[in-house]
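Asker: Following this line is start-v2.txt, made up of compact mmCIF, C-alpha atoms:
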```txt
# COMPACT_ATOMS: atom_id res chain seq x y z
CA MET A 1 -28.97 -10.97 5.81
CA TYR A 2 -29.10 -7.81 3.68
CA GLN A 3 -32.66 -7.10 4.80
CA LYS A 4 -31.75 -7.69 8.45
CA LEU A 5 -28.86 -5.24 8.20
CA LEU A 6 -31.11 -2.71 6.47
CA ASN A 7 -33.76 -3.07 9.19
CA LYS A 8 -31.03 -2.85 11.87
CA GLU A 9 -31.98 -6.30 13.08
CA ALA A 10 -28.40 -7.43 12.44
CA LYS A 11 -25.12 -5.71 13.19
CA LEU A 12 -21.98 -5.31 11.06
CA ALA A 13 -18.38 -5.32 12.29
CA VAL A 14 -15.08 -4.46 10.64
CA ILE A 15 -12.05 -6.35 11.96
CA GLY A 16 -8.89 -4.32 11.49
CA LEU A 17 -9.12 -0.52 11.36
CA GLY A 18 -6.14 0.46 9.26
CA TYR A 19 -6.12 2.48 6.04
CA VAL A 20 -8.57 -0.08 4.53
CA GLY A 21 -10.82 -1.00 7.45
CA LEU A 22 -11.55 2.39 8.98
CA PRO A 23 -13.03 4.04 5.84
CA ILE A 24 -15.25 0.98 5.28
CA ALA A 25 -16.41 1.00 8.90
CA LEU A 26 -17.29 4.70 8.80
CA GLU A 27 -19.20 4.43 5.51
CA PHE A 28 -21.32 1.55 6.81
CA ALA A 29 -21.79 3.36 10.14
CA LYS A 30 -23.69 6.07 8.25
CA LYS A 31 -26.27 3.42 7.29
CA MET A 32 -26.38 1.02 10.27
CA PRO A 33 -24.84 0.27 13.70
CA VAL A 34 -21.22 -0.84 13.29
CA VAL A 35 -18.60 -2.32 15.61
CA GLY A 36 -15.07 -1.26 14.67
CA PHE A 37 -12.62 -3.77 16.12
CA ASP A 38 -8.83 -3.50 16.33
CA ILE A 39 -6.33 -5.33 18.54
CA LYS A 40 -4.42 -2.13 19.39
CA PRO A 41 -6.10 -0.22 22.25
CA ASP A 42 -4.03 2.92 21.58
CA ARG A 43 -5.42 3.13 18.05
CA ILE A 44 -8.95 2.58 19.38
CA GLU A 45 -8.53 5.53 21.75
CA MET A 46 -7.39 7.75 18.88
CA MET A 47 -10.43 6.81 16.78
CA LYS A 48 -12.76 7.50 19.68
CA LYS A 49 -11.38 11.04 19.52
CA ARG A 50 -12.10 11.15 15.76
CA ILE A 51 -8.44 10.79 14.85
CA ASP A 52 -7.41 8.49 12.02
CA PRO A 53 -4.09 6.83 13.01
CA SER A 54 -3.27 6.46 9.30
CA ASN A 55 -3.78 10.21 8.72
CA GLU A 56 -5.99 9.53 5.71
CA LEU A 57 -9.34 10.76 7.09
CA THR A 58 -10.36 14.11 8.61
CA PRO A 59 -12.28 14.38 11.92
CA GLU A 60 -15.34 15.50 9.94
CA GLU A 61 -15.50 12.09 8.24
CA PHE A 62 -16.41 10.57 11.60
CA ASP A 63 -19.56 12.74 11.77
CA GLY A 64 -22.95 11.04 11.75
CA CYS A 65 -21.50 7.56 12.27
CA ASP A 66 -23.16 4.98 14.54
CA ILE A 67 -19.97 3.13 15.47
CA LEU A 68 -18.50 1.48 18.54
CA PHE A 69 -14.70 1.41 18.51
CA THR A 70 -13.40 -1.46 20.61
CA ALA A 71 -10.56 -3.88 21.29
CA ASP A 72 -12.82 -6.11 23.38
CA ILE A 73 -13.94 -9.34 21.68
CA GLU A 74 -17.07 -9.37 23.87
CA ASP A 75 -18.41 -6.48 21.76
CA LEU A 76 -18.38 -8.75 18.70
CA LYS A 77 -20.81 -11.29 20.10
CA SER A 78 -23.87 -9.36 18.89
CA VAL A 79 -22.53 -9.06 15.34
CA ASN A 80 -23.84 -11.06 12.35
CA PHE A 81 -21.84 -9.70 9.39
CA TYR A 82 -18.05 -9.55 9.73
CA ILE A 83 -15.68 -7.76 7.35
CA VAL A 84 -12.02 -8.72 7.83
CA ALA A 85 -9.59 -6.04 6.64
CA VAL A 86 -6.20 -6.82 8.14
CA PRO A 87 -2.74 -6.57 6.49
CA THR A 88 -1.29 -9.45 4.49
CA PRO A 89 2.46 -8.71 4.40
CA ILE A 90 5.45 -10.79 3.32
CA ASN A 91 8.26 -12.00 5.58
CA ASP A 92 12.01 -11.50 5.21
CA ALA A 93 12.14 -14.41 2.76
CA LYS A 94 9.49 -12.64 0.64
CA LEU A 95 6.93 -15.32 1.34
CA PRO A 96 3.29 -14.62 2.36
CA ASP A 97 2.84 -13.91 6.06
CA LEU A 98 -0.74 -14.90 6.84
CA THR A 99 -0.34 -14.40 10.59
CA PRO A 100 -2.56 -11.29 10.89
CA LEU A 101 -5.22 -12.85 8.66
CA LEU A 102 -5.32 -16.17 10.49
CA LYS A 103 -5.36 -14.48 13.91
CA ALA A 104 -8.26 -12.27 12.78
CA THR A 105 -10.06 -15.41 11.55
CA GLU A 106 -9.51 -17.04 14.95
CA THR A 107 -11.01 -13.94 16.60
CA VAL A 108 -14.12 -14.14 14.40
CA SER A 109 -14.42 -17.89 14.96
CA LYS A 110 -14.81 -17.29 18.71
CA VAL A 111 -18.00 -15.28 18.14
CA LEU A 112 -19.35 -16.74 14.88
CA LYS A 113 -22.92 -18.03 15.04
CA LYS A 114 -25.20 -20.00 12.75
CA GLY A 115 -26.44 -17.79 9.91
CA ASP A 116 -23.55 -15.29 10.17
CA TYR A 117 -21.50 -13.91 7.28
CA VAL A 118 -17.73 -13.37 7.05
CA VAL A 119 -16.35 -11.27 4.19
CA TYR A 120 -12.60 -10.97 3.64
CA GLU A 121 -11.05 -7.85 2.09
CA SER A 122 -7.37 -8.67 2.72
CA THR A 123 -5.36 -9.37 -0.45
CA VAL A 124 -4.45 -13.06 -0.71
CA TYR A 125 -3.51 -15.66 -3.32
CA PRO A 126 -6.39 -17.42 -5.09
CA GLY A 127 -7.76 -20.16 -2.86
CA CYS A 128 -6.56 -18.73 0.45
CA THR A 129 -9.99 -17.77 1.82
CA GLU A 130 -11.45 -21.26 1.43
CA GLU A 131 -8.26 -23.28 1.96
CA ASP A 132 -6.72 -21.40 4.91
CA CYS A 133 -9.44 -19.34 6.60
CA VAL A 134 -12.63 -21.38 6.32
CA PRO A 135 -11.13 -24.49 8.01
CA ILE A 136 -10.35 -22.36 11.10
CA LEU A 137 -13.93 -21.08 11.20
CA GLU A 138 -15.29 -24.63 10.91
CA LYS A 139 -12.89 -26.17 13.43
CA VAL A 140 -13.44 -23.64 16.21
CA THR A 141 -17.21 -23.28 15.81
CA GLY A 142 -18.16 -26.81 14.78
CA LEU A 143 -20.37 -25.21 12.13
CA LYS A 144 -20.53 -26.26 8.47
CA TYR A 145 -19.29 -23.90 5.74
CA VAL A 146 -22.10 -22.75 3.37
CA GLN A 147 -24.71 -24.75 5.26
CA ASP A 148 -24.37 -22.96 8.64
CA PHE A 149 -22.42 -19.80 7.82
CA LYS A 150 -21.55 -17.90 4.66
CA VAL A 151 -18.20 -16.55 3.49
CA GLY A 152 -17.36 -14.02 0.80
CA PHE A 153 -14.39 -12.14 -0.60
CA SER A 154 -14.45 -8.49 -1.65
CA PRO A 155 -10.93 -7.17 -2.24
CA GLU A 156 -10.02 -3.70 -1.04
CA ARG A 157 -9.23 -1.15 -3.74
CA ILE A 158 -8.32 1.86 -1.61
CA ASN A 159 -5.47 4.01 -2.92
CA PRO A 160 -3.70 5.77 -0.01
CA GLY A 161 -3.33 9.52 -0.46
CA ASP A 162 -5.80 9.61 -3.37
CA ARG A 163 -8.59 12.12 -2.69
CA GLU A 164 -10.25 11.49 -6.05
CA HIS A 165 -10.57 7.70 -6.20
CA THR A 166 -12.01 7.23 -2.72
CA LEU A 167 -13.75 4.12 -1.36
CA THR A 168 -17.27 4.92 -2.56
CA LYS A 169 -16.12 5.95 -6.05
CA ILE A 170 -14.32 2.72 -6.96
CA THR A 171 -16.28 -0.25 -8.36
CA LYS A 172 -16.33 -3.01 -5.75
CA VAL A 173 -15.72 -6.62 -6.71
CA VAL A 174 -17.73 -9.01 -4.53
CA SER A 175 -18.14 -12.77 -4.33
CA GLY A 176 -19.79 -15.35 -2.12
CA CYS A 177 -19.67 -19.06 -1.39
CA ASP A 178 -23.02 -19.52 -3.17
CA ALA A 179 -25.52 -17.45 -5.18
CA GLU A 180 -27.49 -16.39 -2.10
CA SER A 181 -24.45 -15.11 -0.20
CA CYS A 182 -23.05 -13.32 -3.25
CA GLU A 183 -26.31 -11.42 -3.68
CA ASN A 184 -26.58 -10.53 0.00
CA ILE A 185 -22.96 -9.32 0.09
CA ALA A 186 -23.39 -7.36 -3.15
CA LYS A 187 -26.53 -5.59 -1.91
CA THR A 188 -24.84 -4.78 1.39
CA TYR A 189 -21.88 -3.11 -0.32
CA GLU A 190 -24.23 -1.32 -2.73
CA LEU A 191 -25.49 0.62 0.29
CA VAL A 192 -22.20 2.51 0.41
CA ILE A 193 -20.47 2.07 -2.96
CA ILE A 194 -21.70 4.76 -5.37
CA ALA A 195 -19.66 3.41 -8.30
CA GLY A 196 -21.48 0.09 -8.20
CA VAL A 197 -20.63 -3.55 -7.56
CA HIS A 198 -19.27 -6.30 -9.80
CA ARG A 199 -20.41 -9.80 -8.86
CA ALA A 200 -17.58 -12.27 -9.44
CA SER A 201 -18.60 -15.86 -10.16
CA SER A 202 -16.57 -17.32 -7.27
CA ILE A 203 -14.40 -16.39 -4.31
CA LYS A 204 -11.30 -17.64 -6.13
CA ILE A 205 -12.07 -15.43 -9.15
CA ALA A 206 -12.36 -12.36 -6.90
CA GLU A 207 -9.08 -13.24 -5.16
CA ALA A 208 -7.33 -13.64 -8.51
CA ALA A 209 -8.77 -10.37 -9.87
CA LYS A 210 -7.28 -8.43 -6.98
CA ILE A 211 -3.87 -10.07 -7.11
CA ILE A 212 -3.40 -9.36 -10.82
CA GLU A 213 -4.36 -5.67 -10.49
CA ASN A 214 -1.14 -4.95 -8.62
CA THR A 215 0.90 -7.60 -10.43
CA GLN A 216 0.09 -5.91 -13.74
CA ARG A 217 1.23 -2.54 -12.43
CA ASP A 218 4.37 -4.08 -10.95
CA VAL A 219 5.41 -5.70 -14.23
CA ASN A 220 4.75 -2.52 -16.23
CA ILE A 221 6.75 -0.35 -13.82
CA ALA A 222 9.57 -2.91 -13.97
CA LEU A 223 9.65 -2.49 -17.74
CA MET A 224 9.94 1.29 -17.29
CA ASN A 225 12.74 0.82 -14.76
CA GLU A 226 14.63 -1.45 -17.13
CA LEU A 227 14.15 1.03 -19.97
CA SER A 228 15.50 3.82 -17.75
CA MET A 229 18.72 1.82 -17.24
CA ILE A 230 19.05 1.27 -21.00
CA PHE A 231 18.34 4.91 -21.86
CA SER A 232 20.81 6.08 -19.21
CA LYS A 233 23.57 4.23 -21.08
CA MET A 234 22.36 5.90 -24.29
CA LYS A 235 22.51 9.27 -22.48
CA ILE A 236 18.88 10.12 -23.21
CA ASN A 237 16.23 11.13 -20.68
CA THR A 238 13.61 8.43 -20.00
CA TYR A 239 10.86 10.95 -19.28
CA ASP A 240 11.49 12.69 -22.61
CA VAL A 241 11.15 9.32 -24.33
CA LEU A 242 7.92 8.52 -22.46
CA GLU A 243 6.49 11.95 -23.28
CA ALA A 244 7.11 11.38 -26.98
CA ALA A 245 5.82 7.78 -26.96
CA GLY A 246 2.77 8.85 -24.96
CA THR A 247 1.42 10.86 -27.90
CA LYS A 248 0.11 7.55 -29.33
CA TRP A 249 -3.41 6.83 -28.09
CA ASN A 250 -2.76 3.26 -26.95
CA PHE A 251 0.61 3.76 -25.25
CA LEU A 252 0.26 2.77 -21.58
CA LYS A 253 1.16 5.53 -19.15
CA PHE A 254 3.66 4.09 -16.67
CA SER A 255 6.86 5.65 -15.37
CA PRO A 256 10.00 4.37 -13.61
CA GLY A 257 10.45 4.63 -9.86
CA LEU A 258 10.73 2.94 -6.49
CA VAL A 259 8.04 0.30 -5.95
CA GLY A 260 7.36 -0.10 -2.24
CA GLY A 261 4.36 -0.03 0.05
CA HIS A 262 2.08 -2.90 1.02
CA CYS A 263 0.35 -3.50 -2.33
CA ILE A 264 2.36 -3.39 -5.57
CA GLY A 265 5.60 -4.34 -3.83
CA VAL A 266 3.99 -7.23 -1.92
CA ASP A 267 1.00 -8.74 -3.75
CA PRO A 268 2.92 -10.32 -6.67
CA TYR A 269 4.82 -12.46 -4.14
CA TYR A 270 1.49 -14.01 -3.06
CA LEU A 271 0.75 -15.01 -6.65
CA THR A 272 4.24 -16.38 -7.34
CA TYR A 273 4.16 -18.33 -4.07
CA LYS A 274 0.92 -20.09 -5.02
CA SER A 275 2.08 -20.58 -8.59
CA LYS A 276 5.29 -22.33 -7.47
CA LYS A 277 3.28 -24.50 -5.07
CA LEU A 278 1.34 -25.69 -8.11
CA GLY A 279 4.52 -26.46 -10.03
CA TYR A 280 4.80 -23.43 -12.31
CA HIS A 281 7.68 -20.98 -11.87
CA PRO A 282 6.54 -17.59 -13.20
CA GLN A 283 9.20 -15.84 -15.24
CA ILE A 284 7.85 -12.39 -16.09
CA ILE A 285 6.46 -11.70 -12.60
CA ASP A 286 9.66 -12.85 -10.87
CA SER A 287 11.81 -10.81 -13.25
CA GLY A 288 9.70 -7.72 -12.63
CA ARG A 289 9.98 -8.15 -8.88
CA SER A 290 13.76 -8.58 -9.15
CA ILE A 291 14.14 -5.37 -11.17
CA ASN A 292 11.89 -3.32 -8.90
CA ASP A 293 13.51 -4.61 -5.72
CA SER A 294 16.93 -3.59 -7.07
CA MET A 295 16.03 0.01 -7.88
CA GLY A 296 17.03 1.45 -4.49
CA SER A 297 20.57 0.16 -4.92
CA HIS A 298 20.62 1.31 -8.55
CA ILE A 299 19.68 4.89 -7.64
CA ALA A 300 22.27 5.05 -4.85
CA ASN A 301 24.99 3.65 -7.10
CA GLU A 302 24.24 6.17 -9.86
CA VAL A 303 24.48 9.03 -7.34
CA VAL A 304 27.79 7.68 -6.01
CA LYS A 305 29.16 7.54 -9.57
CA LYS A 306 28.14 11.17 -10.16
CA ILE A 307 29.88 12.26 -6.94
CA LEU A 308 33.03 10.31 -7.81
CA ALA A 309 33.05 11.89 -11.29
CA LYS A 310 33.64 15.21 -9.53
CA ASP A 311 36.87 13.85 -7.97
CA LYS A 312 35.38 13.82 -4.50
CA ASN A 313 36.24 11.37 -1.72
CA ILE A 314 33.03 9.39 -1.33
CA LYS A 315 33.72 8.66 2.36
CA ASN A 316 33.68 12.39 3.08
CA SER A 317 30.52 13.02 1.08
CA LYS A 318 27.20 14.26 2.45
CA VAL A 319 23.88 13.37 0.83
CA LEU A 320 20.40 14.70 1.57
CA VAL A 321 17.48 12.35 0.92
CA MET A 322 14.12 14.13 0.64
CA GLY A 323 11.20 11.82 1.38
CA VAL A 324 11.07 8.41 3.05
CA THR A 325 7.39 7.38 2.80
CA PHE A 326 6.49 4.68 0.26
CA LYS A 327 4.66 7.19 -1.98
CA GLU A 328 3.84 10.88 -2.19
CA ASN A 329 1.56 12.73 0.23
CA VAL A 330 1.06 9.87 2.70
CA THR A 331 2.51 9.14 6.14
CA ASP A 332 2.85 5.41 5.46
CA ILE A 333 6.45 4.15 5.64
CA ARG A 334 5.76 0.41 5.37
CA ASN A 335 8.05 -1.32 2.88
CA SER A 336 9.52 1.99 1.73
CA LYS A 337 12.18 1.40 -0.91
CA VAL A 338 13.77 4.77 -0.13
CA VAL A 339 15.34 2.93 2.79
CA ASP A 340 17.21 0.75 0.26
CA VAL A 341 18.67 3.92 -1.28
CA ILE A 342 19.80 5.15 2.14
CA ASN A 343 21.29 1.81 3.19
CA GLU A 344 23.20 1.47 -0.08
CA LEU A 345 24.66 4.97 0.32
CA LYS A 346 25.69 4.15 3.87
CA SER A 347 27.49 1.04 2.64
CA TYR A 348 29.86 3.47 0.87
CA MET A 349 30.37 5.28 4.21
CA VAL A 350 28.42 8.27 2.90
CA SER A 351 26.90 10.59 5.52
CA VAL A 352 23.13 10.67 4.88
CA ASP A 353 20.57 13.17 6.18
CA VAL A 354 16.86 12.38 5.76
CA VAL A 355 13.90 14.77 5.75
CA ASP A 356 10.22 14.09 5.08
CA ALA A 357 7.18 16.36 5.02
CA TYR A 358 4.80 13.63 6.21
CA ALA A 359 6.56 10.72 7.93
CA SER A 360 6.63 10.34 11.71
CA ALA A 361 10.22 10.56 12.98
CA HIS A 362 9.32 8.16 15.78
CA GLU A 363 7.89 5.54 13.38
CA VAL A 364 10.87 5.80 11.02
CA LYS A 365 13.27 5.33 13.93
CA GLU A 366 11.28 2.39 15.28
CA GLU A 367 10.84 0.66 11.90
CA TYR A 368 14.19 1.33 10.23
CA GLY A 369 16.54 2.75 12.87
CA LEU A 370 16.86 5.95 10.84
CA ASP A 371 16.80 9.50 12.17
CA ILE A 372 14.77 12.18 10.40
CA ILE A 373 16.03 15.74 10.80
CA SER A 374 13.54 18.60 10.97
CA GLU A 375 15.40 20.87 8.54
CA PRO A 376 18.07 20.15 5.91
CA GLY A 377 21.66 21.13 6.64
CA LYS A 378 24.16 22.66 4.21
CA ASN A 379 27.04 21.69 1.92
CA TYR A 380 25.51 18.51 0.50
CA ASP A 381 27.41 16.78 -2.29
CA ALA A 382 24.16 15.30 -3.56
CA ILE A 383 20.45 15.84 -3.03
CA ILE A 384 18.07 12.96 -3.81
CA LEU A 385 14.44 13.95 -4.29
CA ALA A 386 13.11 10.46 -3.56
CA VAL A 387 9.40 11.15 -2.94
CA SER A 388 7.44 13.77 -4.86
CA HIS A 389 5.42 15.21 -1.96
CA ASP A 390 3.38 18.28 -2.98
CA LYS A 391 5.47 20.38 -0.59
CA TYR A 392 8.56 19.54 -2.64
CA LEU A 393 7.04 20.47 -6.00
CA LYS A 394 7.15 24.23 -5.42
CA LEU A 395 10.87 24.51 -4.64
CA ASP A 396 13.30 25.99 -7.16
CA GLU A 397 16.92 25.48 -8.14
CA GLU A 398 18.07 28.36 -5.94
CA TYR A 399 16.68 26.53 -2.91
CA PHE A 400 18.54 23.33 -3.76
CA MET A 401 21.73 25.31 -4.42
CA SER A 402 21.41 26.89 -0.97
CA LEU A 403 21.67 23.36 0.47
CA GLY A 404 24.70 22.48 -1.63
CA ASN A 405 26.60 24.38 -4.30
CA ALA A 406 27.05 24.53 -8.06
CA ASP A 407 28.97 21.23 -7.80
CA THR A 408 26.09 19.37 -6.16
CA VAL A 409 24.43 16.37 -7.82
CA PHE A 410 20.63 16.63 -7.99
CA ALA A 411 18.98 13.19 -8.31
CA ASP A 412 15.34 13.61 -9.29
CA VAL A 413 13.90 10.08 -8.99
CA LYS A 414 10.48 10.88 -10.47
CA GLY A 415 11.69 13.48 -12.98
CA ILE A 416 9.50 16.26 -11.56
CA TYR A 417 12.23 18.90 -12.07
CA LYS A 418 13.04 17.86 -15.63
CA ASN A 419 14.20 20.89 -17.68
CA LYS A 420 14.08 23.10 -14.56
CA ILE A 421 17.55 22.36 -13.18
CA LYS A 422 20.27 24.20 -15.15
CA LYS A 423 23.20 24.76 -12.78
CA LEU A 424 23.33 21.60 -10.69
CA THR A 425 24.38 18.23 -12.12
CA TYR A 426 20.99 16.72 -12.93
CA TRP A 427 20.11 13.02 -13.02
CA SER A 428 16.82 11.14 -13.08
CA LEU A 429 15.63 7.61 -13.84
```
Could you render the structure from this file as C-alpha cells?
Answerer:
Amino acid sequence: MYQKLLNKEAKLAVIGLGYVGLPIALEFAKKMPVVGFDIKPDRIEMMKKRIDPSNELTPEEFDGCDILFTADIEDLKSVNFYIVAVPTPINDAKLPDLTPLLKATETVSKVLKKGDYVVYESTVYPGCTEEDCVPILEKVTGLKYVQDFKVGFSPERINPGDREHTLTKITKVVSGCDAESCENIAKTYELVIIAGVHRASSIKIAEAAKIIENTQRDVNIALMNELSMIFSKMKINTYDVLEAAGTKWNFLKFSPGLVGGHCIGVDPYYLTYKSKKLGYHPQIIDSGRSINDSMGSHIANEVVKKILAKDKNIKNSKVLVMGVTFKENVTDIRNSKVVDVINELKSYMVSVDVVDAYASAHEVKEEYGLDIISEPGKNYDAIILAVSHDKYLKLDEEYFMSLGNADTVFADVKGIYKNKIKKLTYWSL
C-alpha cells in the first residue's frame, strides 16, 4: 500500500476536514493526490477558495497541494487509503457520542474495496476502533477484517493555536491490525511527519496512549484548581506559590484555569465510560473532572463575593467578560467553560457584557445564545479576564480603570496581570 501511494497508483482520502483533518490532508497533498471529504458543502466551498473554516491555516498553506475538496461520496470510490478525522464529543449526560465517528465509518463502508486501508485519528476509548467501527465495515461490505481490508489507529496530536508544535513536528503514534498494516501505515505517515513515528504494538495500545495524554493533563490541572481554592482561603496567591515551587527541577509545570475545548475537557469521559463498563469506577479521574467542571461557577461566585464586599446591590451590577473561546488565540468556542462563568453570573441577575478578539459573534449566538459586543461599555463593577488572548496581554491598569473605576473588581483567571494591578481590587485563581 505504501509503495502504491508513493507511486501514485493509489489515492488517499481524509474524511472530516476540521482542525485535525484539514492540516493532514494538505500535508499529504504535497506528496500525492488527496481527496478531502466533508459532509458540509459550505465548508468545502470555503476550502476551495483556500480558506480554513477553523482559522488555523493561512491561504499560503494550500499552495502546491494536489487535493480535491468534495462532499460527494462518488469522489471516494477511487480511494484506497482512508483517514477518518471526525469529532468524538460527549452528550449532555457526559457520555461518549460516537455518532460522527459511526456515520463516517458508514460512509467509508459504502466505498471500501478489497485491499483498502482505513486509519482512524479520532480520539476514542481503548477498543472502540475494533469493537464499534470494524463491525460496520464488515457488515456493509461483506469483507473480512485483516484478511480483506486493513485498519489502523493513529491518534491526532494537533494543538489548536500552537504555531510551534505543528502537525509535522509532533511524533506520530501509529498502529495497525497486523505487522504488515502497521508498517505500511507508519511509512505513509513518515512521508509527512518530520518528528518521526512511534509504532504501537496494537490498535488498543495506541487508543489508550492518546486517551491518557489528555487525562493526565486534566488530573494535574484539577490539582492546581483545588490548590487555588485552598490558597485563596489562606489569602496567598497561587501563582506566587507555583513560581516558588517551580524552582525545583522536577516540579511539574501546571497552572489552574478553565478546562474546556474538545480534548482535555472531553477525552477523560471516554476512559471513565469504558472503565465503568468493565466494572471499575475510577476515583482520581472522576474527581478531577468534577473539580474542573465546577471552576466556571467557582470563578463567578468569587467575583460576586468581591462585588458584595463593596456593599453593592448584585442585581444592579454590571460585569465585563473578556474572552469566550475555549483557549487563547483560537476561534474555537466548542465546550467553552467561560460560558459557565457567564451563566452563573446571570443566575444572580447580574448584567453581563461579553467581548472576544477571536470568536465569531454569529457562532457564539448560535451555540450558546449569547451576544458578543464589539467594544466594551463603561461603569463595570467587575472585569473578568477569562481568556488570555495576545491582544489582551498589552493592556494596562489605566485601560481597565477606564471601563470601570477604582472600585472595580479585576478577576484575572490566568494570573497574567499579577503584580501589575495596584488600584483595582485584584483576584486570580
Asker: Could you tell me how far CA of Ser290 in chain A lies from CA of Lys274 in chain A, in Å and to one decimal?
Answerer: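 Taking CA of Ser290 in chain A and CA of Lys274 in chain A, their separation equals 17.7 Å.
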Asker: Fewer than 2 positions away in the same chain doesn't count, so skip those; otherwise give me all residues within 12 Å of Asn419 in chain A, counting only C-alpha atoms, as a list in words.
Answerer: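 Result of the neighbour search: Asn237, Tyr239, Asp240, Asp396, Glu397, Asp412, Gly415, Ile416, Tyr417, Ile421, Lys422, Lys423, Leu424, Thr425, Tyr426, Trp427 and Ser428 of chain A.
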Asker: Those residues you just picked out, can you put them in a file as a PDB file, keeping the file's coordinate frame with C-alpha atoms?
Answerer:
```
ATOM      1  CA  ASN A 237      16.230  11.130 -20.680  1.00  0.00           C
ATOM      2  CA  TYR A 239      10.860  10.950 -19.280  1.00  0.00           C
ATOM      3  CA  ASP A 240      11.490  12.690 -22.610  1.00  0.00           C
ATOM      4  CA  ASP A 396      13.300  25.990  -7.160  1.00  0.00           C
ATOM      5  CA  GLU A 397      16.920  25.480  -8.140  1.00  0.00           C
ATOM      6  CA  ASP A 412      15.340  13.610  -9.290  1.00  0.00           C
ATOM      7  CA  GLY A 415      11.690  13.480 -12.980  1.00  0.00           C
ATOM      8  CA  ILE A 416       9.500  16.260 -11.560  1.00  0.00           C
ATOM      9  CA  TYR A 417      12.230  18.900 -12.070  1.00  0.00           C
ATOM     10  CA  ILE A 421      17.550  22.360 -13.180  1.00  0.00           C
ATOM     11  CA  LYS A 422      20.270  24.200 -15.150  1.00  0.00           C
ATOM     12  CA  LYS A 423      23.200  24.760 -12.780  1.00  0.00           C
ATOM     13  CA  LEU A 424      23.330  21.600 -10.690  1.00  0.00           C
ATOM     14  CA  THR A 425      24.380  18.230 -12.120  1.00  0.00           C
ATOM     15  CA  TYR A 426      20.990  16.720 -12.930  1.00  0.00           C
ATOM     16  CA  TRP A 427      20.110  13.020 -13.020  1.00  0.00           C
ATOM     17  CA  SER A 428      16.820  11.140 -13.080  1.00  0.00           C
TER      18      SER A 428
END
```
Asker: Please indicate the distance in Å from CA of Ala93 in chain A to CA of Gly16 in chain A, rounded to one decimal place.
Answerer: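 Separating CA of Ala93 in chain A from CA of Gly16 in chain A is a distance of 24.9 Å.
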Asker: Calculated over all atoms listed in the file, which of the candidates A:Asp332, A:Glu106, A:Asp267, A:Asp390 has the smallest distance to Thr123 in chain A?
Answerer: A:Asp267
Asker: What separation in Å, quoted to one decimal, exists between CA of Leu143 in chain A and CA of Ala104 in chain A?
Answerer: 17.7 Å
Asker: In terms of the shortest atom-to-atom distance over all atoms listed in the file, which of A:Ile73, A:Ile203, A:Ala179, A:Leu17 is closest to Thr129 in chain A?
Answerer: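 Of A:Ile73, A:Ile203, A:Ala179, A:Leu17, the one nearest Thr129 in chain A is A:Ile203, counting all atoms listed in the file.
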Asker: Tell me, counting only C-alpha atoms, for each residue of range 13-63 of chain A within 12 Å of range 358-382 of chain A, which pair of atoms is nearest and how far apart they are in Å to one decimal, in rows ordered by chain and increasing number, as JSON lines.
Answerer:
```
{"residue": "A:Pro53", "atom": "CA", "partner": "A:Ser360", "partner_atom": "CA", "distance": 11.4}
{"residue": "A:Ser54", "atom": "CA", "partner": "A:Ala359", "partner_atom": "CA", "distance": 10.8}
{"residue": "A:Asn55", "atom": "CA", "partner": "A:Tyr358", "partner_atom": "CA", "distance": 9.6}
{"residue": "A:Glu56", "atom": "CA", "partner": "A:Tyr358", "partner_atom": "CA", "distance": 11.6}
```
Asker: Which residues come within 9 Å of Tyr269 in chain A, counting all atoms listed in the file, excluding same-chain residues fewer than 3 positions away, as a ChimeraX atom specification?
Answerer: /A:90,94-96,125,215,265-266,272-274,285-286,289
Asker: Counting all atoms listed in the file, which of A:Ser336, A:Ser347, A:Asn329, A:Thr408 gets nearest to Lys315 in chain A?
Answerer: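 Ranking A:Ser336, A:Ser347, A:Asn329, A:Thr408 by distance to Lys315 in chain A, first place goes to A:Ser347.
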Asker: Identify, on the basis of only C-alpha atoms, every residue whose closest approach to Val339 in chain A does not exceed 10 Å; exclude the query and any residue fewer than 3 positions from it along the same chain; express the result as a list in words.
Answerer: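 The residues that qualify are Gly260, Gly296, Ser297, Val321, Gly323, Val324, Thr325, Phe326, Ile333, Asn335, Ser336, Ile342, Asn343, Glu344, Leu345, Val364, Tyr368 and Leu370 of chain A.
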Asker: With C-alpha atoms retained, write the just-selected residues as a PDB file, in the frame of the given file.
Answerer:
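Saved result, result.pdb, follows:
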```pdb
ATOM      1  CA  GLY A 260       7.360  -0.100  -2.240  1.00  0.00           C
ATOM      2  CA  GLY A 296      17.030   1.450  -4.490  1.00  0.00           C
ATOM      3  CA  SER A 297      20.570   0.160  -4.920  1.00  0.00           C
ATOM      4  CA  VAL A 321      17.480  12.350   0.920  1.00  0.00           C
ATOM      5  CA  GLY A 323      11.200  11.820   1.380  1.00  0.00           C
ATOM      6  CA  VAL A 324      11.070   8.410   3.050  1.00  0.00           C
ATOM      7  CA  THR A 325       7.390   7.380   2.800  1.00  0.00           C
ATOM      8  CA  PHE A 326       6.490   4.680   0.260  1.00  0.00           C
ATOM      9  CA  ILE A 333       6.450   4.150   5.640  1.00  0.00           C
ATOM     10  CA  ASN A 335       8.050  -1.320   2.880  1.00  0.00           C
ATOM     11  CA  SER A 336       9.520   1.990   1.730  1.00  0.00           C
ATOM     12  CA  ILE A 342      19.800   5.150   2.140  1.00  0.00           C
ATOM     13  CA  ASN A 343      21.290   1.810   3.190  1.00  0.00           C
ATOM     14  CA  GLU A 344      23.200   1.470  -0.080  1.00  0.00           C
ATOM     15  CA  LEU A 345      24.660   4.970   0.320  1.00  0.00           C
ATOM     16  CA  VAL A 364      10.870   5.800  11.020  1.00  0.00           C
ATOM     17  CA  TYR A 368      14.190   1.330  10.230  1.00  0.00           C
ATOM     18  CA  LEU A 370      16.860   5.950  10.840  1.00  0.00           C
TER      19      LEU A 370
END
```
Asker: May I ask which of the residues A:Leu191, A:Val124, A:Ile299, A:Leu385 is the closest one to Asn214 in chain A, counting all atoms listed in the file?
Answerer: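 Nearest candidate to Asn214 in chain A out of A:Leu191, A:Val124, A:Ile299, A:Leu385: A:Val124.
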Asker: From the set A:Asn220, A:Asn405, A:Ser228, A:Thr88, which residue has the shortest atom-to-atom contact distance to Lys253 in chain A, counting all atoms listed in the file?
Answerer: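 Going through A:Asn220, A:Asn405, A:Ser228, A:Thr88 one by one, the smallest distance to Lys253 in chain A is for A:Asn220.
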Asker: Please list as number ranges by chain every residue within 12 Å of Asn7 in chain A, counting all atoms listed in the file and excluding residues in the same chain fewer than 6 positions away.
Answerer: A: 1, 31-33, 188
